[in-house]
There are 2 protein chains.
Amino acid sequence: MELDTARIEELWACARAMADAARVETLRHFRIGVASDNKQQGGFDPVTEGDRAAERAMRAVAAQRRPDDAILGEEYGAQPGTTGLTWVLDPIDGTRAYISGTPTWGVLIAVTDASGPVLGLIDQPYIGERFEGGAGRAAMTGPMGTAPLRTRPTRSLAEATIFTTFPEVGTASEGAAFRAVAGRCKLTRYGMDCYAYALLAAGQIDLVIEAGLSAYDIAAPIAVIEAAGGIVTDWQGGKVHAGGNALAAATPELHAAVLEILSRR
Amino acid sequence: MELDTARIEELWACARAMADAARVETLRHFRIGVASDNKQQGGFDPVTEGDRAAERAMRAVAAQRRPDDAILGEEYGAQPGTTGLTWVLDPIDGTRAYISGTPTWGVLIAVTDASGPVLGLIDQPYIGERFEGGAGRAAMTGPMGTAPLRTRPTRSLAEATIFTTFPEVGTASEGAAFRAVAGRCKLTRYGMDCYAYALLAAGQIDLVIEAGLSAYDIAAPIAVIEAAGGIVTDWQGGKVHAGGNALAAATPELHAAVLEILSRR
């Protein structure tokens, strides 16, 4: 969809107002011994009042500023719209991190059209960091001020730092696929949820590989990373904004090297 | 060693001045594509100019304020003293986290006497968080203000959140020992280095288990966690301030339950 400058500024203003509203609600419930409910039978998929209150706050902003856009949110589902644009919202990406008190969860906000993410925002409320990408923008603000986002030029796996959130990654074969890639990398780290995608866009790390994502987990990271010069696809090189297994890479060379390893499995 | 109030205040003032100095040096080199040197033959144990500059800055503070105390630092080794007190310094605990841009590394400062840590400080410069414990103090300051440190009252492994930094933990048998404990816990998370000990002292998580630590990795966490009501020992229940395999627990009940599992292996 072709968007003019005024429309883009309107979308950014709405995204930032949503992120500001979500900061208040997520921090209100952070580190105060907040109870979590388990959403998953036979497993542990926590959700807290922080998640729910933050998504309600973001939906209230949308209702006021962009009432005709569709919404897809993790906690309150899909709401149809008429503009061809959809707000894809994860009020707390990394709820396990949130209930553990770590500063590595984030609020994810994306605007998508039929072809994928138009713009996206990753916000870390406790640190006060915000990463924005898409529609001509690629920048972060945080404790050290404002800086452009640009992936770094790593071309060889042997020089790459790779992240995933859980060491098991996904199924046994998905875990084995990750380890086949990670075993070729210089440094492997865990536990960062969406913060790892922000670090990739900021030129601090080179690869993120995760399995079993939903649209609201990956739409905003795609917008931010692509705006910073990186590449995000599924494990076969196809589009992943609707969810699935994600491969995010700082350069085309790294992306191709990882796809090659994954294709041989 | 019995220390009077004036001496304790002098030590705290020195520890804070060291942490302030280390903040400047660690942040000066953070996220700017800093080069790392490898300290370990056949492996990867990175050290950066951030580590070295921060330790030099802390040693300069000690030379001015406490010239007769001994120093043990990760990068510049041991310097003898005459007071019976030793400053145990890790300028960047989590150098792998630091070179990846994550906000989960820390500056560790402890004062020890012959029996162990007297007081300790864990500082996270990028977030602006400081955790202090020992000699009558147990408190943190950060983005949300000042708060007391107090471990939470979890008594059952089935309700516990457990952290370690690397999924492999240490040797194969050390890794298996960790997994025997983690398999009984509600939630297992990775990748936080010293920040996990700070979260335990702050009542956010319940257990940290790590292998192969040096004195400078664990002396400050021991002081902070014990001041907050927790327990830190080695995997046999003995003292660990000189280094080794560490078990940190929020309550005596959790500590005993973990020791029991480890003793059966």
# chains A, B, ... in the order shown; residues from 1 in each chain; ligands from 1

$ select_by_dssp --residues "segment 83-170 of chain B" --states "alpha helix (DSSP H)" --output "count of residues only"
5

$ residues_around --residues "Ala249 of chain B" --least-positions-apart "6" --cutoff "8 Å" --atoms "only C-alpha atoms" --output "PyMOL selection string"
chain B and resi 200+206-208+230-232+255

$ write_last_selection --atoms "C-alpha atoms" --output "short mmCIF file (atom, residue, chain, number, x, y, z; two decimals), in the first residue's frame"
data_model
loop_
_atom_site.label_atom_id
_atom_site.label_comp_id
_atom_site.auth_asym_id
_atom_site.auth_seq_id
_atom_site.Cartn_x
_atom_site.Cartn_y
_atom_site.Cartn_z
CA LEU B 200 17.30 -13.24 43.47
CA ASP B 206 14.36 -18.19 43.57
CA LEU B 207 17.49 -20.06 42.55
CA VAL B 208 20.76 -19.47 40.69
CA GLY B 230 19.06 -15.65 50.97
CA ILE B 231 21.72 -18.33 51.12
CA VAL B 232 24.76 -18.88 48.89
CA HIS B 255 18.51 -24.53 49.49
#

$ interface_residues --of "chain B" --to "chain A" --cutoff "7 Å" --atoms "only C-alpha atoms" --output "PyMOL selection string"
chain B and resi 31+100-101+126-127+143+167+189-191+199+204-205

$ write_last_selection --atoms "N, CA and C atoms" --output "short mmCIF file (atom, residue, chain, number, x, y, z; two decimals), in the first residue's frame"
data_model
loop_
_atom_site.label_atom_id
_atom_site.label_comp_id
_atom_site.auth_asym_id
_atom_site.auth_seq_id
_atom_site.Cartn_x
_atom_site.Cartn_y
_atom_site.Cartn_z
N ARG B 31 28.63 -0.85 23.28
CA ARG B 31 27.84 -0.75 22.04
C ARG B 31 28.48 0.13 20.96
N SER B 100 27.86 -8.32 23.34
CA SER B 100 26.62 -8.54 22.57
C SER B 100 25.63 -7.39 22.74
N GLY B 101 25.95 -6.41 23.58
CA GLY B 101 25.08 -5.26 23.75
C GLY B 101 23.91 -5.45 24.71
N TYR B 126 24.25 0.56 32.35
CA TYR B 126 23.41 1.02 31.25
C TYR B 126 21.99 1.32 31.73
N ILE B 127 21.47 0.45 32.60
CA ILE B 127 20.13 0.67 33.15
C ILE B 127 20.19 1.72 34.27
N PRO B 143 15.67 2.62 37.88
CA PRO B 143 14.74 3.49 37.17
C PRO B 143 13.44 3.75 37.93
N PRO B 167 23.44 -22.82 29.14
CA PRO B 167 22.71 -24.09 29.27
C PRO B 167 23.64 -25.27 29.59
N ARG B 189 15.45 -20.19 33.23
CA ARG B 189 15.85 -19.11 32.30
C ARG B 189 17.38 -19.03 32.24
N TYR B 190 17.88 -18.45 31.16
CA TYR B 190 19.32 -18.43 30.89
C TYR B 190 19.80 -17.01 30.56
N GLY B 191 21.13 -16.83 30.61
CA GLY B 191 21.76 -15.72 29.93
C GLY B 191 21.95 -14.43 30.73
N LEU B 199 18.58 -10.27 40.80
CA LEU B 199 17.14 -10.56 40.77
C LEU B 199 16.73 -11.45 41.94
N GLN B 204 12.77 -11.53 42.93
CA GLN B 204 12.11 -11.78 41.64
C GLN B 204 12.23 -13.23 41.19
N ILE B 205 13.30 -13.90 41.61
CA ILE B 205 13.52 -15.30 41.23
C ILE B 205 13.99 -16.05 42.48
#

$ closest_residue --among "B:Val107, B:Leu149, B:Ala172, B:Ala177" --to "Glu74 of chain B" --atoms "only C-alpha atoms"
B:Val107

$ select_by_dssp --residues "segment 2-231 of chain B" --states "strand (DSSP E)" --output "ChimeraX atom specification"
/B:36-38,46-48,70-73,77-79,86-93,106-113,116-124,129-134,137-142,145-148,161-164,187-190,207-214,231
